[in-house]
file start11.cif (mmCIF, C-alpha atoms and all ligand atoms; chains and numbers go by the auth columns)
data_work
#
loop_
_atom_site.group_PDB
_atom_site.id
_atom_site.type_symbol
_atom_site.label_atom_id
_atom_site.label_comp_id
_atom_site.label_asym_id
_atom_site.label_seq_id
_atom_site.Cartn_x
_atom_site.Cartn_y
_atom_site.Cartn_z
_atom_site.B_iso_or_equiv
_atom_site.auth_seq_id
_atom_site.auth_asym_id
ATOM 1 C CA MET A 1 -56.267 -18.895 -5.305 0.00 843 N
ATOM 2 C CA LYS A 2 -53.671 -21.406 -4.273 0.00 844 N
ATOM 3 C CA SER A 3 -51.474 -20.897 -7.347 0.00 845 N
ATOM 4 C CA LYS A 4 -51.581 -17.128 -6.968 0.00 846 N
ATOM 5 C CA PHE A 5 -50.235 -17.410 -3.462 0.00 847 N
ATOM 6 C CA PHE A 6 -47.552 -19.786 -4.659 0.00 848 N
ATOM 7 C CA ILE A 7 -46.377 -17.318 -7.330 0.00 849 N
ATOM 8 C CA ALA A 8 -46.260 -14.488 -4.806 0.00 850 N
ATOM 9 C CA ALA A 9 -44.231 -16.620 -2.416 0.00 851 N
ATOM 10 C CA CYS A 10 -41.797 -17.528 -5.195 0.00 852 N
ATOM 11 C CA ALA A 11 -41.326 -13.928 -6.208 0.00 853 N
ATOM 12 C CA LEU A 12 -40.573 -12.975 -2.621 0.00 854 N
ATOM 13 C CA LEU A 13 -38.111 -15.812 -2.265 0.00 855 N
ATOM 14 C CA ALA A 14 -36.395 -14.909 -5.529 0.00 856 N
ATOM 15 C CA SER A 15 -35.978 -11.289 -4.531 0.00 857 N
ATOM 16 C CA THR A 16 -34.588 -12.082 -1.103 0.00 858 N
ATOM 17 C CA THR A 17 -32.104 -14.635 -2.375 0.00 859 N
ATOM 18 C CA PHE A 18 -30.886 -12.469 -5.256 0.00 860 N
ATOM 19 C CA ALA A 19 -27.166 -12.328 -4.704 0.00 861 N
ATOM 20 C CA GLN A 20 -25.275 -9.143 -5.218 0.00 862 N
ATOM 21 C CA ASN A 21 -21.755 -9.719 -6.313 0.00 863 N
ATOM 22 C CA VAL A 22 -18.813 -7.397 -6.529 0.00 864 N
ATOM 23 C CA LYS A 23 -15.787 -8.635 -8.397 0.00 865 N
ATOM 24 C CA VAL A 24 -12.633 -8.217 -6.375 0.00 866 N
ATOM 25 C CA SER A 25 -9.241 -8.530 -8.011 0.00 867 N
ATOM 26 C CA ASP A 26 -5.590 -8.015 -7.071 0.00 868 N
ATOM 27 C CA ALA A 27 -6.305 -7.832 -3.346 0.00 869 N
ATOM 28 C CA TRP A 28 -3.174 -7.376 -1.287 0.00 870 N
ATOM 29 C CA ALA A 29 -2.105 -5.952 2.062 0.00 871 N
ATOM 30 C CA ARG A 30 1.199 -4.420 2.973 0.00 872 N
ATOM 31 C CA SER A 31 3.334 -6.527 5.276 0.00 873 N
ATOM 32 C CA THR A 32 4.334 -5.109 8.654 0.00 874 N
ATOM 33 C CA VAL A 33 7.191 -5.565 11.085 0.00 875 N
ATOM 34 C CA GLN A 34 6.857 -6.515 14.733 0.00 876 N
ATOM 35 C CA GLY A 35 5.365 -3.629 16.696 0.00 877 N
ATOM 36 C CA GLN A 36 3.885 -1.865 13.683 0.00 878 N
ATOM 37 C CA LYS A 37 0.241 -1.176 14.409 0.00 879 N
ATOM 38 C CA ALA A 38 -1.152 -0.099 11.074 0.00 880 N
ATOM 39 C CA SER A 39 -1.087 -1.117 7.456 0.00 881 N
ATOM 40 C CA GLY A 40 -3.080 -0.738 4.275 0.00 882 N
ATOM 41 C CA ALA A 41 -4.922 -3.137 2.020 0.00 883 N
ATOM 42 C CA PHE A 42 -5.599 -2.555 -1.657 0.00 884 N
ATOM 43 C CA MET A 43 -7.704 -4.101 -4.417 0.00 885 N
ATOM 44 C CA THR A 44 -9.778 -3.399 -7.492 0.00 886 N
ATOM 45 C CA LEU A 45 -13.575 -3.559 -7.157 0.00 887 N
ATOM 46 C CA THR A 46 -16.004 -3.914 -10.031 0.00 888 N
ATOM 47 C CA SER A 47 -19.742 -4.165 -9.409 0.00 889 N
ATOM 48 C CA ASP A 48 -22.366 -4.943 -12.040 0.00 890 N
ATOM 49 C CA GLN A 49 -24.881 -2.878 -10.029 0.00 891 N
ATOM 50 C CA PRO A 50 -24.307 0.596 -8.624 0.00 892 N
ATOM 51 C CA VAL A 51 -23.301 -0.014 -5.006 0.00 893 N
ATOM 52 C CA LYS A 52 -21.298 1.679 -2.291 0.00 894 N
ATOM 53 C CA LEU A 53 -18.539 0.231 -0.182 0.00 895 N
ATOM 54 C CA ILE A 54 -19.609 1.361 3.279 0.00 896 N
ATOM 55 C CA GLY A 55 -17.460 -0.624 5.642 0.00 897 N
ATOM 56 C CA VAL A 56 -14.692 -3.113 6.149 0.00 898 N
ATOM 57 C CA SER A 57 -13.579 -5.365 8.957 0.00 899 N
ATOM 58 C CA ALA A 58 -10.721 -7.783 9.526 0.00 900 N
ATOM 59 C CA ALA A 59 -10.108 -10.215 12.367 0.00 901 N
ATOM 60 C CA VAL A 60 -6.454 -9.210 12.466 0.00 902 N
ATOM 61 C CA ALA A 61 -7.201 -5.510 12.974 0.00 903 N
ATOM 62 C CA GLY A 62 -8.976 -3.913 15.929 0.00 904 N
ATOM 63 C CA VAL A 63 -10.117 -1.129 13.637 0.00 905 N
ATOM 64 C CA ALA A 64 -10.517 -1.149 9.869 0.00 906 N
ATOM 65 C CA GLN A 65 -11.634 1.855 7.851 0.00 907 N
ATOM 66 C CA ILE A 66 -11.972 3.009 4.273 0.00 908 N
ATOM 67 C CA HIS A 67 -9.494 5.827 3.741 0.00 909 N
ATOM 68 C CA GLU A 68 -8.787 8.304 1.035 0.00 910 N
ATOM 69 C CA MET A 69 -5.349 9.761 0.493 0.00 911 N
ATOM 70 C CA LYS A 70 -4.836 12.986 -1.376 0.00 912 N
ATOM 71 C CA MET A 71 -2.440 15.822 -1.803 0.00 913 N
ATOM 72 C CA ASP A 72 -3.031 18.897 0.335 0.00 914 N
ATOM 73 C CA GLY A 73 -0.515 21.329 -1.083 0.00 915 N
ATOM 74 C CA ASN A 74 2.728 19.376 -0.903 0.00 916 N
ATOM 75 C CA ILE A 75 1.562 17.131 1.890 0.00 917 N
ATOM 76 C CA MET A 76 -0.057 13.759 1.409 0.00 918 N
ATOM 77 C CA LYS A 77 -2.963 13.446 3.809 0.00 919 N
ATOM 78 C CA MET A 78 -5.466 10.748 4.467 0.00 920 N
ATOM 79 C CA ALA A 79 -8.856 10.631 6.079 0.00 921 N
ATOM 80 C CA PRO A 80 -11.650 8.100 6.584 0.00 922 N
ATOM 81 C CA VAL A 81 -14.516 8.192 4.103 0.00 923 N
ATOM 82 C CA ASN A 82 -18.052 7.026 4.891 0.00 924 N
ATOM 83 C CA ALA A 83 -18.670 5.422 1.542 0.00 925 N
ATOM 84 C CA LEU A 84 -16.903 4.712 -1.717 0.00 926 N
ATOM 85 C CA ASP A 85 -19.145 4.742 -4.798 0.00 927 N
ATOM 86 C CA LEU A 86 -18.848 1.851 -7.210 0.00 928 N
ATOM 87 C CA PRO A 87 -20.659 2.844 -10.411 0.00 929 N
ATOM 88 C CA ALA A 88 -22.069 -0.091 -12.379 0.00 930 N
ATOM 89 C CA GLY A 89 -19.493 -1.864 -14.497 0.00 931 N
ATOM 90 C CA GLN A 90 -16.666 0.468 -13.588 0.00 932 N
ATOM 91 C CA ALA A 91 -13.460 -0.780 -11.986 0.00 933 N
ATOM 92 C CA VAL A 92 -12.583 1.239 -8.891 0.00 934 N
ATOM 93 C CA ALA A 93 -9.038 0.855 -7.642 0.00 935 N
ATOM 94 C CA LEU A 94 -8.005 1.006 -4.021 0.00 936 N
ATOM 95 C CA LYS A 95 -4.297 1.648 -4.228 0.00 937 N
ATOM 96 C CA PRO A 96 -1.414 3.369 -2.469 0.00 938 N
ATOM 97 C CA GLY A 97 -1.852 7.114 -2.835 0.00 939 N
ATOM 98 C CA GLY A 98 -5.629 6.871 -3.267 0.00 940 N
ATOM 99 C CA PHE A 99 -8.453 4.986 -1.637 0.00 941 N
ATOM 100 C CA HIS A 100 -7.348 2.151 0.604 0.00 942 N
ATOM 101 C CA VAL A 101 -8.471 -0.082 3.416 0.00 943 N
ATOM 102 C CA MET A 102 -6.772 1.081 6.592 0.00 944 N
ATOM 103 C CA LEU A 103 -5.986 -1.661 9.058 0.00 945 N
ATOM 104 C CA MET A 104 -5.275 -0.308 12.524 0.00 946 N
ATOM 105 C CA ASP A 105 -4.660 -1.717 15.978 0.00 947 N
ATOM 106 C CA LEU A 106 -3.129 -4.819 14.405 0.00 948 N
ATOM 107 C CA LYS A 107 -3.175 -7.825 16.719 0.00 949 N
ATOM 108 C CA ALA A 108 -0.291 -9.536 14.954 0.00 950 N
ATOM 109 C CA PRO A 109 2.252 -8.542 12.319 0.00 951 N
ATOM 110 C CA LEU A 110 1.197 -9.119 8.713 0.00 952 N
ATOM 111 C CA SER A 111 3.913 -11.442 7.474 0.00 953 N
ATOM 112 C CA LYS A 112 4.868 -11.610 3.849 0.00 954 N
ATOM 113 C CA ASP A 113 3.135 -14.318 1.805 0.00 955 N
ATOM 114 C CA SER A 114 0.450 -14.861 4.429 0.00 956 N
ATOM 115 C CA GLN A 115 -3.180 -13.915 3.796 0.00 957 N
ATOM 116 C CA VAL A 116 -5.532 -11.482 5.458 0.00 958 N
ATOM 117 C CA ASP A 117 -9.276 -12.041 5.390 0.00 959 N
ATOM 118 C CA LEU A 118 -11.242 -8.849 4.896 0.00 960 N
ATOM 119 C CA THR A 119 -15.002 -8.545 5.122 0.00 961 N
ATOM 120 C CA LEU A 120 -16.350 -5.800 2.906 0.00 962 N
ATOM 121 C CA THR A 121 -19.807 -4.342 3.511 0.00 963 N
ATOM 122 C CA PHE A 122 -21.630 -2.887 0.525 0.00 964 N
ATOM 123 C CA GLN A 123 -24.931 -1.102 0.195 0.00 965 N
ATOM 124 C CA ASP A 124 -27.030 -1.452 -2.927 0.00 966 N
ATOM 125 C CA ALA A 125 -29.160 1.248 -4.564 0.00 967 N
ATOM 126 C CA LYS A 126 -32.160 0.223 -2.449 0.00 968 N
ATOM 127 C CA GLY A 127 -30.222 0.725 0.760 0.00 969 N
ATOM 128 C CA LYS A 128 -29.796 -2.963 1.443 0.00 970 N
ATOM 129 C CA ASN A 129 -26.484 -4.094 2.878 0.00 971 N
ATOM 130 C CA PHE A 130 -24.541 -7.181 1.902 0.00 972 N
ATOM 131 C CA THR A 131 -21.098 -8.433 2.769 0.00 973 N
ATOM 132 C CA GLN A 132 -18.361 -10.158 0.884 0.00 974 N
ATOM 133 C CA THR A 133 -15.180 -11.774 2.140 0.00 975 N
ATOM 134 C CA VAL A 134 -11.891 -11.155 0.382 0.00 976 N
ATOM 135 C CA GLN A 135 -8.529 -12.787 0.873 0.00 977 N
ATOM 136 C CA ALA A 136 -5.716 -10.298 0.515 0.00 978 N
ATOM 137 C CA LYS A 137 -2.218 -11.567 -0.094 0.00 979 N
ATOM 138 C CA VAL A 138 0.386 -9.954 2.128 0.00 980 N
ATOM 139 C CA GLY A 139 3.402 -8.476 0.403 0.00 981 N
ATOM 140 C CA THR A 140 5.997 -5.744 0.743 0.00 982 N
ATOM 141 C CA GLN A 141 4.709 -3.645 -2.113 0.00 983 N
ATOM 142 C CA ALA A 142 2.079 -3.404 -4.796 0.00 984 N
ATOM 143 C CA PRO A 143 2.392 -6.129 -7.408 0.00 985 N
ATOM 144 C CA MET A 144 3.117 -3.395 -9.978 0.00 986 N
ATOM 145 C CA ALA A 145 4.539 -0.368 -8.207 0.00 987 N
ATOM 146 C CA SER A 146 6.216 0.541 -4.970 0.00 988 N
ATOM 147 C CA ASP A 147 4.916 3.330 -2.784 0.00 989 N
ATOM 148 C CA ALA A 148 6.397 4.023 0.613 0.00 990 N
ATOM 149 C CA ALA A 149 4.271 7.086 1.314 0.00 991 N
ATOM 150 C CA HIS A 150 1.726 5.188 3.321 0.00 992 N
ATOM 151 C CA GLU A 151 4.056 4.146 6.104 0.00 993 N
ATOM 152 C CA HIS A 152 5.286 7.694 6.468 0.00 994 N
ATOM 153 C CA MET A 153 1.802 8.809 7.386 0.00 995 N
ATOM 154 C CA HIS A 154 1.644 6.683 10.515 0.00 996 N
HETATM 155 CU CU CU B . -4.996 5.236 5.698 0.00 1 U
#
call {"tool": "encode", "arguments": {"input": "start11.cif", "output": "structure tokens"}}
result
Amino acid sequence: MKSKFFIAACALLASTTFAQNVKVSDAWARSTVQGQKASGAFMTLTSDQPVKLIGVSAAVAGVAQIHEMKMDGNIMKMAPVNALDLPAGQAVALKPGGFHVMLMDLKAPLSKDSQVDLTLTFQDAKGKNFTQTVQAKVGTQAPMASDAAHEHMH
């Protein structure tokens, strides 16, 4: 009797402490000038389980949202999305011109070579939420490519 209970308790403990982990690489945020209220943050996410990115927050921003940018005719438009699917084992890029983290109502300028802490909220296939903190390096442009379209939208 006693050992059966012990095994059940262990199984419960193991399932509740099972840590989801999403690999985050190349996280960066676009630097801003004094008075600029919005910016974008970008990164590549790879999850070993199918999860969804459902939210983001940052101490430096009053409002942070997941946005998608796409062409509407000749005009680049962006809008908030409720969730971004991360299929198992597939790298999903948040980058200028596509999905991005929108930082709004900035409380201070994002100065080049500083870091921004972002808290990402994910939801697993069972509907359970978990968060992960990411440090995004602040720079003037993507490590690889430049894209000024984002600023023009705000
Ligand atoms: Cu945006």
call {"tool": "closest_residue", "arguments": {"input": "start11.cif", "among": "N:Phe941, N:Trp870, N:Phe972, N:Phe964", "to": "N:Lys894", "atoms": "only C-alpha atoms"}}
result
N:Phe964
call {"tool": "resolve_selection", "arguments": {"input": "start11.cif", "expression": "the PyMOL selection byres (((not hetatm)) within 6 of (chain U and resi 1))", "output": "count of residues only"}}
result
3
call {"tool": "axis_aligned_box", "arguments": {"input": "start11.cif", "around": "stretch 978-984 of chain N", "padding_each_side": "3 Å", "output": "JSON"}}
result
{"center_x": 0.1, "center_y": -7.5, "center_z": -1.3, "size_x": 17.7, "size_y": 14.2, "size_z": 12.9}
call {"tool": "resolve_selection", "arguments": {"input": "start11.cif", "expression": "the PyMOL selection byres (((chain N and resi 978) around 12) and not hetatm)", "output": "PyMOL selection string"}}
result
chain N and resi 866-873+882-886+900+943+952-962+975-977+979-981+984
call {"tool": "resolve_selection", "arguments": {"input": "start11.cif", "expression": "the PyMOL selection byres (((chain N and resi 922-927) around 7) and not hetatm)", "output": "list in words"}}
result
Val893, Lys894, Leu895, Ile896, Gln907, Ile908, His909, Glu910, Ala921, Leu928 and Pro929 of chain N
call {"tool": "closest_residue", "arguments": {"input": "start11.cif", "among": "N:Gly915, N:Gln974, N:Asp966, N:Pro938", "to": "N:Lys865", "atoms": "all atoms listed in the file"}}
result
N:Gln974
call {"tool": "atom_distance", "arguments": {"input": "start11.cif", "atom1": "atom CA of N:Met913", "atom2": "atom CA of N:Val864"}}
result
28.8 Å
call {"tool": "closest_residue", "arguments": {"input": "start11.cif", "among": "N:Ala950, N:Ala880, N:Met918, N:Val875", "to": "N:Val905", "atoms": "all atoms listed in the file"}}
result
N:Ala880
call {"tool": "atom_distance", "arguments": {"input": "start11.cif", "atom1": "atom CA of N:Thr982", "atom2": "atom CA of N:Ser881"}}
result
10.8 Å
call {"tool": "closest_residue", "arguments": {"input": "start11.cif", "among": "N:Lys968, N:Lys912, N:Lys949, N:His942", "to": "N:Gly897", "atoms": "only C-alpha atoms"}}
result
N:His942
call {"tool": "atom_distance", "arguments": {"input": "start11.cif", "atom1": "atom CA of N:Lys937", "atom2": "atom CA of N:Gly904"}}
result
21.4 Å
call {"tool": "residues_near_point", "arguments": {"input": "start11.cif", "point": "(-29.9, -2.8, -9.8)", "cutoff": "12 Å", "atoms": "all atoms listed in the file", "output": "PyMOL selection string"}}
result
chain N and resi 857+860-863+889-893+929-931+965-970
